[in-house]
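What's in work-v4.pdb: PDB, C-alpha atoms and all ligand atoms
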ATOM      1  CA  MET A   1     121.645 137.873  61.230
ATOM      2  CA  THR A   2     123.002 134.419  62.105
ATOM      3  CA  PRO A   3     126.753 134.098  62.798
ATOM      4  CA  LYS A   4     126.989 132.167  59.531
ATOM      5  CA  GLU A   5     125.307 134.912  57.491
ATOM      6  CA  ARG A   6     127.603 137.484  59.085
ATOM      7  CA  PHE A   7     130.637 135.314  58.393
ATOM      8  CA  MET A   8     129.749 134.722  54.739
ATOM      9  CA  LYS A   9     129.198 138.467  54.250
ATOM     10  CA  ALA A  10     132.522 139.355  55.885
ATOM     11  CA  LEU A  11     134.229 136.675  53.824
ATOM     12  CA  ASN A  12     132.850 138.288  50.669
ATOM     13  CA  LEU A  13     133.811 141.781  51.879
ATOM     14  CA  GLN A  14     130.234 142.947  52.370
ATOM     15  CA  LYS A  15     129.164 145.249  55.191
ATOM     16  CA  VAL A  16     128.434 143.657  58.571
ATOM     17  CA  ASP A  17     127.216 144.992  61.928
ATOM     18  CA  ARG A  18     130.372 143.677  63.658
ATOM     19  CA  PRO A  19     133.207 141.351  62.651
ATOM     20  CA  PRO A  20     132.565 137.617  63.058
ATOM     21  CA  VAL A  21     134.612 135.975  65.823
ATOM     22  CA  THR A  22     135.725 132.513  64.825
ATOM     23  CA  CYS A  23     138.743 130.280  64.241
ATOM     24  CA  ALA A  24     139.818 128.807  60.918
ATOM     25  CA  ASN A  25     142.177 126.314  62.575
ATOM     26  CA  GLN A  26     141.649 123.688  65.251
ATOM     27  CA  THR A  27     139.768 124.843  68.386
ATOM     28  CA  ALA A  28     139.717 121.868  70.803
ATOM     29  CA  THR A  29     141.146 122.393  74.279
ATOM     30  CA  LEU A  30     141.505 120.323  77.438
ATOM     31  CA  ASP A  31     138.941 122.577  79.168
ATOM     32  CA  GLN A  32     136.393 121.767  76.469
ATOM     33  CA  MET A  33     137.322 118.066  76.442
ATOM     34  CA  GLU A  34     136.761 117.784  80.192
ATOM     35  CA  LYS A  35     133.303 119.341  79.978
ATOM     36  CA  ILE A  36     132.052 116.796  77.428
ATOM     37  CA  GLY A  37     134.249 113.807  78.339
ATOM     38  CA  ILE A  38     135.654 113.455  74.819
ATOM     39  CA  TYR A  39     139.416 113.477  74.375
ATOM     40  CA  TRP A  40     142.233 113.109  71.896
ATOM     41  CA  PRO A  41     143.424 110.804  70.463
ATOM     42  CA  GLU A  42     139.986 109.062  70.218
ATOM     43  CA  ALA A  43     138.398 112.197  68.727
ATOM     44  CA  HIS A  44     140.884 112.055  65.844
ATOM     45  CA  LYS A  45     139.485 108.691  64.774
ATOM     46  CA  ASP A  46     135.753 108.636  65.586
ATOM     47  CA  PRO A  47     133.475 110.912  63.528
ATOM     48  CA  PHE A  48     130.886 111.351  66.300
ATOM     49  CA  LYS A  49     133.508 112.312  68.894
ATOM     50  CA  MET A  50     135.288 114.477  66.321
ATOM     51  CA  ALA A  51     132.114 116.428  65.526
ATOM     52  CA  ARG A  52     131.127 116.886  69.183
ATOM     53  CA  LEU A  53     134.556 118.132  70.190
ATOM     54  CA  ALA A  54     134.774 120.430  67.144
ATOM     55  CA  ALA A  55     131.449 121.998  68.153
ATOM     56  CA  ALA A  56     132.495 122.461  71.789
ATOM     57  CA  ALA A  57     133.992 125.944  71.298
ATOM     58  CA  TRP A  58     130.672 127.112  69.838
ATOM     59  CA  GLU A  59     128.548 125.273  72.415
ATOM     60  CA  GLN A  60     130.601 126.318  75.436
ATOM     61  CA  LEU A  61     131.961 129.712  74.421
ATOM     62  CA  GLY A  62     130.019 131.022  71.454
ATOM     63  CA  LEU A  63     133.011 130.901  69.095
ATOM     64  CA  GLU A  64     131.331 131.239  65.715
ATOM     65  CA  GLY A  65     132.421 128.218  63.684
ATOM     66  CA  ALA A  66     133.384 124.546  63.824
ATOM     67  CA  GLY A  67     136.018 122.734  61.811
ATOM     68  CA  VAL A  68     137.720 119.356  61.442
ATOM     69  CA  PRO A  69     140.103 117.602  61.563
ATOM     70  CA  PHE A  70     142.089 118.794  64.604
ATOM     71  CA  CYS A  71     145.453 117.602  63.285
ATOM     72  CA  GLN A  72     147.478 118.091  60.110
ATOM     73  CA  THR A  73     148.329 114.478  59.419
ATOM     74  CA  VAL A  74     145.343 113.060  57.487
ATOM     75  CA  GLU A  75     146.923 113.680  54.071
ATOM     76  CA  ALA A  76     150.345 112.393  55.127
ATOM     77  CA  GLU A  77     148.702 109.227  56.487
ATOM     78  CA  ILE A  78     147.084 108.351  53.134
ATOM     79  CA  PHE A  79     150.469 108.870  51.495
ATOM     80  CA  GLY A  80     151.837 106.180  53.788
ATOM     81  CA  CYS A  81     153.281 108.143  56.732
ATOM     82  CA  GLU A  82     152.890 106.508  60.119
ATOM     83  CA  ILE A  83     151.061 108.595  62.732
ATOM     84  CA  LYS A  84     152.449 109.150  66.231
ATOM     85  CA  TRP A  85     149.385 109.924  68.334
ATOM     86  CA  GLY A  86     151.220 111.019  71.464
ATOM     87  CA  ARG A  87     150.479 109.890  74.994
ATOM     88  CA  LYS A  88     148.699 112.823  76.608
ATOM     89  CA  LYS A  89     145.161 114.043  75.866
ATOM     90  CA  THR A  90     146.650 117.289  74.614
ATOM     91  CA  ASP A  91     149.388 115.815  72.383
ATOM     92  CA  ILE A  92     149.091 116.880  68.764
ATOM     93  CA  PRO A  93     149.542 113.941  66.358
ATOM     94  CA  GLN A  94     152.696 113.962  64.282
ATOM     95  CA  ALA A  95     153.488 112.291  60.980
ATOM     96  CA  PRO A  96     157.252 111.711  60.836
ATOM     97  CA  SER A  97     158.558 111.952  57.308
ATOM     98  CA  LYS A  98     158.775 108.945  55.028
ATOM     99  CA  GLY A  99     162.075 110.423  53.843
ATOM    100  CA  TYR A 100     161.402 109.902  50.137
ATOM    101  CA  LYS A 101     164.590 110.664  48.208
ATOM    102  CA  SER A 102     162.879 111.437  44.929
ATOM    103  CA  PRO A 103     159.317 112.349  43.860
ATOM    104  CA  ASP A 104     159.369 109.301  41.549
ATOM    105  CA  GLY A 105     159.356 107.004  44.568
ATOM    106  CA  VAL A 106     156.118 108.405  45.999
ATOM    107  CA  LYS A 107     152.988 106.352  45.422
ATOM    108  CA  VAL A 108     150.053 108.755  45.006
ATOM    109  CA  PRO A 109     147.051 107.106  46.689
ATOM    110  CA  GLU A 110     143.929 106.252  44.698
ATOM    111  CA  ASN A 111     140.275 106.125  45.796
ATOM    112  CA  ILE A 112     141.236 108.559  48.529
ATOM    113  CA  LEU A 113     137.703 109.110  49.798
ATOM    114  CA  GLU A 114     137.894 105.589  51.259
ATOM    115  CA  LYS A 115     141.464 105.880  52.596
ATOM    116  CA  GLY A 116     142.763 106.447  56.121
ATOM    117  CA  ARG A 117     140.728 108.884  58.189
ATOM    118  CA  ILE A 118     139.203 110.722  55.230
ATOM    119  CA  PRO A 119     135.817 108.953  55.705
ATOM    120  CA  VAL A 120     135.953 109.933  59.409
ATOM    121  CA  VAL A 121     136.559 113.612  58.607
ATOM    122  CA  LEU A 122     133.855 113.691  55.902
ATOM    123  CA  LYS A 123     131.321 112.055  58.223
ATOM    124  CA  ALA A 124     132.195 114.553  60.980
ATOM    125  CA  ILE A 125     131.644 117.430  58.536
ATOM    126  CA  GLU A 126     128.264 115.945  57.611
ATOM    127  CA  LEU A 127     127.277 115.699  61.292
ATOM    128  CA  LEU A 128     128.418 119.282  61.970
ATOM    129  CA  SER A 129     126.661 120.578  58.886
ATOM    130  CA  ASP A 130     123.388 118.803  59.780
ATOM    131  CA  LYS A 131     123.352 120.082  63.351
ATOM    132  CA  TYR A 132     125.007 123.514  63.141
ATOM    133  CA  GLY A 133     125.260 124.377  59.450
ATOM    134  CA  GLY A 134     122.278 126.743  59.592
ATOM    135  CA  GLU A 135     123.894 128.771  62.360
ATOM    136  CA  ILE A 136     127.676 128.836  62.038
ATOM    137  CA  PRO A 137     130.262 128.281  59.286
ATOM    138  CA  ILE A 138     131.582 124.730  59.001
ATOM    139  CA  TYR A 139     135.260 124.438  58.060
ATOM    140  CA  GLY A 140     137.136 121.608  56.429
ATOM    141  CA  HIS A 141     140.865 121.739  57.162
ATOM    142  CA  VAL A 142     143.395 120.517  54.599
ATOM    143  CA  ILE A 143     147.141 121.038  54.478
ATOM    144  CA  GLY A 144     148.934 122.993  51.780
ATOM    145  CA  PRO A 145     150.762 121.002  49.074
ATOM    146  CA  PHE A 146     154.119 122.314  50.290
ATOM    147  CA  SER A 147     153.461 121.022  53.807
ATOM    148  CA  LEU A 148     152.575 117.617  52.386
ATOM    149  CA  ALA A 149     155.851 117.662  50.424
ATOM    150  CA  ALA A 150     157.668 118.330  53.706
ATOM    151  CA  HIS A 151     155.966 115.270  55.212
ATOM    152  CA  LEU A 152     156.998 113.104  52.265
ATOM    153  CA  ALA A 153     160.611 114.191  51.809
ATOM    154  CA  GLY A 154     161.411 115.551  55.285
ATOM    155  CA  MET A 155     161.643 119.234  56.129
ATOM    156  CA  GLU A 156     165.425 119.286  56.209
ATOM    157  CA  LYS A 157     165.757 117.796  52.743
ATOM    158  CA  ILE A 158     163.133 120.193  51.387
ATOM    159  CA  MET A 159     164.925 123.201  52.890
ATOM    160  CA  VAL A 160     168.289 122.235  51.437
ATOM    161  CA  THR A 161     166.869 121.181  48.065
ATOM    162  CA  ALA A 162     164.664 124.268  47.692
ATOM    163  CA  PHE A 163     167.748 126.371  47.128
ATOM    164  CA  LYS A 164     170.035 123.879  45.404
ATOM    165  CA  ASN A 165     167.493 122.207  43.165
ATOM    166  CA  PRO A 166     164.067 123.899  43.333
ATOM    167  CA  ASP A 167     162.713 121.752  40.479
ATOM    168  CA  VAL A 168     162.802 118.679  42.731
ATOM    169  CA  VAL A 169     160.895 120.512  45.470
ATOM    170  CA  ASN A 170     158.394 121.756  42.905
ATOM    171  CA  GLU A 171     157.839 118.176  41.770
ATOM    172  CA  PHE A 172     157.353 116.975  45.357
ATOM    173  CA  THR A 173     154.912 119.815  46.016
ATOM    174  CA  HIS A 174     152.954 119.313  42.824
ATOM    175  CA  LEU A 175     152.408 115.628  43.691
ATOM    176  CA  GLY A 176     149.791 116.385  46.334
ATOM    177  CA  VAL A 177     147.727 119.072  44.603
ATOM    178  CA  ASP A 178     145.119 116.839  42.948
ATOM    179  CA  THR A 179     144.734 114.628  46.027
ATOM    180  CA  ILE A 180     144.215 117.596  48.351
ATOM    181  CA  ALA A 181     141.800 119.181  45.840
ATOM    182  CA  GLU A 182     139.714 115.993  45.668
ATOM    183  CA  TYR A 183     139.640 115.792  49.471
ATOM    184  CA  GLY A 184     138.705 119.496  49.801
ATOM    185  CA  ASN A 185     135.954 119.232  47.204
ATOM    186  CA  ALA A 186     134.551 116.193  49.030
ATOM    187  CA  MET A 187     134.446 118.384  52.169
ATOM    188  CA  PHE A 188     132.244 120.859  50.267
ATOM    189  CA  ASP A 189     130.042 117.962  49.100
ATOM    190  CA  HIS A 190     129.591 116.856  52.726
ATOM    191  CA  GLY A 191     128.521 120.300  53.926
ATOM    192  CA  ALA A 192     131.659 122.376  54.554
ATOM    193  CA  ASP A 193     131.141 126.082  53.837
ATOM    194  CA  VAL A 194     134.840 126.877  53.564
ATOM    195  CA  VAL A 195     138.019 124.879  53.043
ATOM    196  CA  VAL A 196     140.957 126.103  55.112
ATOM    197  CA  ILE A 197     144.394 125.426  53.620
ATOM    198  CA  GLU A 198     146.918 125.236  56.439
ATOM    199  CA  ASN A 199     150.410 125.576  55.030
ATOM    200  CA  MET A 200     152.314 125.432  58.300
ATOM    201  CA  PHE A 201     155.704 124.422  56.891
ATOM    202  CA  ALA A 202     155.663 127.162  54.222
ATOM    203  CA  SER A 203     156.274 129.701  57.017
ATOM    204  CA  VAL A 204     158.638 132.567  56.231
ATOM    205  CA  ASP A 205     160.405 131.689  59.477
ATOM    206  CA  ILE A 206     161.427 128.388  57.858
ATOM    207  CA  MET A 207     161.556 129.104  54.111
ATOM    208  CA  GLY A 208     162.107 132.863  53.922
ATOM    209  CA  PRO A 209     159.893 135.120  51.781
ATOM    210  CA  GLN A 210     161.421 133.956  48.479
ATOM    211  CA  GLY A 211     160.986 130.350  49.494
ATOM    212  CA  TYR A 212     157.243 130.811  49.911
ATOM    213  CA  ALA A 213     156.887 132.612  46.564
ATOM    214  CA  ARG A 214     158.975 130.073  44.632
ATOM    215  CA  VAL A 215     158.072 126.675  45.970
ATOM    216  CA  ALA A 216     154.802 127.026  47.896
ATOM    217  CA  ALA A 217     152.592 129.820  46.501
ATOM    218  CA  PRO A 218     152.242 128.434  42.936
ATOM    219  CA  TYR A 219     150.752 125.217  44.332
ATOM    220  CA  ASP A 220     148.508 127.004  46.825
ATOM    221  CA  LYS A 221     147.191 128.897  43.793
ATOM    222  CA  GLU A 222     146.721 125.735  41.726
ATOM    223  CA  LEU A 223     144.906 124.056  44.620
ATOM    224  CA  ILE A 224     142.641 127.078  45.190
ATOM    225  CA  ASN A 225     141.761 127.069  41.475
ATOM    226  CA  LYS A 226     140.708 123.439  41.736
ATOM    227  CA  LEU A 227     138.565 123.905  44.842
ATOM    228  CA  LYS A 228     134.937 124.631  44.068
ATOM    229  CA  GLY A 229     134.099 126.818  47.084
ATOM    230  CA  PRO A 230     135.491 129.609  49.268
ATOM    231  CA  THR A 231     138.938 129.178  50.791
ATOM    232  CA  VAL A 232     140.951 130.489  53.721
ATOM    233  CA  LEU A 233     144.726 130.341  53.253
ATOM    234  CA  HIS A 234     146.752 130.096  56.465
ATOM    235  CA  VAL A 235     150.546 130.179  56.541
ATOM    236  CA  CYS A 236     152.156 130.030  59.986
ATOM    237  CA  GLY A 237     154.717 132.548  61.228
ATOM    238  CA  ASN A 238     155.366 136.175  60.348
ATOM    239  CA  GLY A 239     153.670 136.614  56.972
ATOM    240  CA  THR A 240     154.171 140.373  56.531
ATOM    241  CA  LEU A 241     156.681 139.834  53.719
ATOM    242  CA  ILE A 242     154.561 137.291  51.836
ATOM    243  CA  ILE A 243     151.125 138.821  52.220
ATOM    244  CA  GLU A 244     151.045 139.964  48.568
ATOM    245  CA  ASP A 245     152.033 136.461  47.405
ATOM    246  CA  MET A 246     149.321 134.940  49.595
ATOM    247  CA  ILE A 247     146.683 137.307  48.185
ATOM    248  CA  LYS A 248     147.770 136.505  44.620
ATOM    249  CA  THR A 249     146.867 132.835  45.159
ATOM    250  CA  GLY A 250     143.223 133.885  44.824
ATOM    251  CA  ALA A 251     142.163 132.688  48.300
ATOM    252  CA  THR A 252     138.876 134.206  49.448
ATOM    253  CA  CYS A 253     140.405 134.989  52.826
ATOM    254  CA  ILE A 254     143.920 135.161  54.242
ATOM    255  CA  SER A 255     144.395 134.027  57.848
ATOM    256  CA  ILE A 256     147.363 135.807  59.404
ATOM    257  CA  ASP A 257     149.528 134.824  62.351
ATOM    258  CA  SER A 258     149.899 137.140  65.335
ATOM    259  CA  ARG A 259     153.401 138.169  64.229
ATOM    260  CA  THR A 260     152.104 139.350  60.855
ATOM    261  CA  ASP A 261     151.454 143.089  60.660
ATOM    262  CA  ALA A 262     147.645 143.305  60.647
ATOM    263  CA  LYS A 263     147.424 146.914  59.384
ATOM    264  CA  LYS A 264     149.824 146.238  56.502
ATOM    265  CA  SER A 265     147.908 143.067  55.612
ATOM    266  CA  VAL A 266     144.569 144.894  55.475
ATOM    267  CA  ILE A 267     146.112 147.579  53.234
ATOM    268  CA  ALA A 268     147.809 144.980  51.006
ATOM    269  CA  ALA A 269     144.537 143.080  50.590
ATOM    270  CA  LYS A 270     142.922 146.228  49.131
ATOM    271  CA  ARG A 271     139.629 144.419  49.480
ATOM    272  CA  LYS A 272     140.756 141.653  47.103
ATOM    273  CA  ALA A 273     140.651 139.169  49.989
ATOM    274  CA  ALA A 274     139.238 139.228  53.499
ATOM    275  CA  ILE A 275     141.824 139.263  56.303
ATOM    276  CA  MET A 276     141.299 136.969  59.296
ATOM    277  CA  GLY A 277     143.301 136.794  62.511
ATOM    278  CA  ASN A 278     145.422 137.592  64.360
ATOM    279  CA  VAL A 279     144.989 137.352  68.127
ATOM    280  CA  ASP A 280     148.169 135.916  69.654
ATOM    281  CA  THR A 281     147.630 132.220  70.372
ATOM    282  CA  MET A 282     150.490 131.445  72.762
ATOM    283  CA  LYS A 283     151.507 134.522  74.776
ATOM    284  CA  VAL A 284     147.991 135.945  74.972
ATOM    285  CA  LEU A 285     145.366 133.206  74.538
ATOM    286  CA  THR A 286     147.205 130.287  76.160
ATOM    287  CA  TYR A 287     149.339 131.955  78.818
ATOM    288  CA  GLY A 288     147.766 135.418  79.161
ATOM    289  CA  THR A 289     144.799 136.790  81.077
ATOM    290  CA  PRO A 290     141.278 137.705  79.903
ATOM    291  CA  GLU A 291     142.306 141.391  80.201
ATOM    292  CA  GLY A 292     145.268 140.805  77.894
ATOM    293  CA  VAL A 293     143.058 138.906  75.450
ATOM    294  CA  LYS A 294     140.668 141.855  75.356
ATOM    295  CA  THR A 295     143.526 144.280  74.586
ATOM    296  CA  ASP A 296     144.933 142.102  71.796
ATOM    297  CA  THR A 297     141.473 141.518  70.304
ATOM    298  CA  MET A 298     140.819 145.277  70.228
ATOM    299  CA  ARG A 299     144.196 145.785  68.549
ATOM    300  CA  ALA A 300     143.200 143.377  65.753
ATOM    301  CA  ILE A 301     139.804 145.050  65.332
ATOM    302  CA  GLU A 302     141.341 148.529  65.232
ATOM    303  CA  ALA A 303     143.809 147.339  62.585
ATOM    304  CA  GLY A 304     140.776 146.739  60.356
ATOM    305  CA  ILE A 305     140.718 142.933  60.384
ATOM    306  CA  ASP A 306     137.571 141.634  58.654
ATOM    307  CA  ILE A 307     137.189 138.445  60.706
ATOM    308  CA  VAL A 308     138.509 138.212  64.267
ATOM    309  CA  ALA A 309     140.194 134.904  65.072
ATOM    310  CA  PRO A 310     143.259 133.437  66.753
ATOM    311  CA  GLY A 311     146.410 133.855  64.637
ATOM    312  CA  CYS A 312     146.920 130.089  64.405
ATOM    313  CA  ALA A 313     145.534 126.818  65.714
ATOM    314  CA  ILE A 314     144.479 127.120  69.344
ATOM    315  CA  SER A 315     146.753 125.318  71.783
ATOM    316  CA  PRO A 316     144.846 122.554  73.618
ATOM    317  CA  LEU A 317     146.097 124.172  76.825
ATOM    318  CA  THR A 318     144.196 127.422  76.179
ATOM    319  CA  PRO A 319     141.858 128.162  79.111
ATOM    320  CA  ASN A 320     138.156 128.564  78.291
ATOM    321  CA  LYS A 321     138.064 131.920  80.070
ATOM    322  CA  ASN A 322     140.618 133.395  77.651
ATOM    323  CA  LEU A 323     138.828 132.159  74.540
ATOM    324  CA  LYS A 324     135.582 133.467  75.992
ATOM    325  CA  ALA A 325     137.216 136.875  76.540
ATOM    326  CA  MET A 326     138.039 137.047  72.794
ATOM    327  CA  VAL A 327     134.467 136.114  71.864
ATOM    328  CA  ASP A 328     132.890 138.545  74.363
ATOM    329  CA  THR A 329     135.137 141.456  73.327
ATOM    330  CA  VAL A 330     133.888 141.181  69.734
ATOM    331  CA  LYS A 331     130.259 140.536  70.656
ATOM    332  CA  MET A 332     130.174 143.630  72.871
ATOM    333  CA  LEU A 333     131.217 145.953  70.041
TER     334      LEU A 333
HETATM  335 ZN    ZN B   1     149.590 128.750  62.003
END

Show me the file's structure as structure tokens.
Ligand SMILES: [Zn+2]
Amino acid sequence: MTPKERFMKALNLQKVDRPPVTCANQTATLDQMEKIGIYWPEAHKDPFKMARLAAAAWEQLGLEGAGVPFCQTVEAEIFGCEIKWGRKKTDIPQAPSKGYKSPDGVKVPENILEKGRIPVVLKAIELLSDKYGGEIPIYGHVIGPFSLAAHLAGMEKIMVTAFKNPDVVNEFTHLGVDTIAEYGNAMFDHGADVVVIENMFASVDIMGPQGYARVAAPYDKELINKLKGPTVLHVCGNGTLIIEDMIKTGATCISIDSRTDAKKSVIAAKRKAAIMGNVDTMKVLTYGTPEGVKTDTMRAIEAGIDIVAPGCAISPLTPNKNLKAMVDTVKML
């Protein structure tokens, strides 16, 4: 069985010999960059560099998957946000908010497949699919409509308005659904096997459980309905209290953060969705030891997780030896 066959089976809740070990979010690290001489920010803008760096975790460590882009700013950029690339090779690009006061002021971009870095990402997916698509799953990463709304209006405004005037937040969030769906469907057309929806700002830690259900989940669901292939839904932070709402969106797979209760998530999914995660990315993978990684990986497996993966995007400071320890722990089962 190829890693891709195993992954697709696990994603569809079929029996597998062992869980796949992969990552639905970004996987590039400084260790990997140094081995191939390709760095950020160039790899955010050049499809050939983007594809090579995205494949590095598979090539160097056997992590079963490759996905692009590395950042969460592509959608915000085509809506007019300016990108701050950072100065260091490990800086994650940011898209400071445009601070739109009202949804009426937002200009929804047209012909998006030609805008900003979308052609770069689609070309990178094509390159990954051509070279590795027979072996490992290829992921296209998009952001959730709520996270795009936070880029457009500013997180603070969204947080305040969500409780005072949820209709305005709903309008802001709804604005991005069709654009993100078109982008995600183009990823499938270019060879992506799965589209990962990263809804980082919809975190319970920021919005509370009711916030997610009221102003983020309905649009995750609408987006998932419009996407023509399998989806992974990732919401950052402790998702224990919103796991039912996440499952109800209809995502094929739910990617849970390390602070989310893995056992409860598996039970809540009742085999309606696959559960992916939730090895601790900071304390364990970035700053821990291979021994600690092994322990946390076994904990996730014993909780019944269908697909073993980091609980969030991998920090670029994660040492190769720790990522390798996660991969080896699963492969030795
Ligand atoms: Zn996350």

Query raised in the report: Looking at all atoms listed in the file, which of A:Leu63, A:Phe201, A:Val194, A:Pro41 is the one that sits closest to Lys331 (chain A)?
Result: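 Closest candidate: A:Leu63.
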
Requested in this report: For Lys101 (chain A), work out the shell of residues within 12 Å, counting all atoms listed in the file and skipping chain neighbours fewer than 3 positions away, then give it as an MDAnalysis selection string.
Outcome: chainID A and resid 97:98 104:106 149:150 152:154 156:158 161 168:169 171:172

Query raised in the report: Which residue out of A:Ile197, A:Ala217, A:Ile125, A:Ala95 has the minimum interatomic distance to Val142 (chain A) when only C-alpha atoms are used?
Result: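 Smallest distance to Val142 (chain A) is found for A:Ile197.
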
Requested in this report: Counting all atoms listed in the file, figure out which residue out of A:Gly304, A:Gly208, A:Gly311, A:Pro47 gets nearest to Arg259 (chain A).
Outcome: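 Comparing A:Gly304, A:Gly208, A:Gly311, A:Pro47 against Arg259 (chain A), the winner is A:Gly311.
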
**Report entry** Within 8 Å of ligand ZN 1 (chain B), counting all atoms listed in the file, residues as a PyMOL selection string
**Finding:** chain A and resi 25+198-200+234-237+256-257+311-313
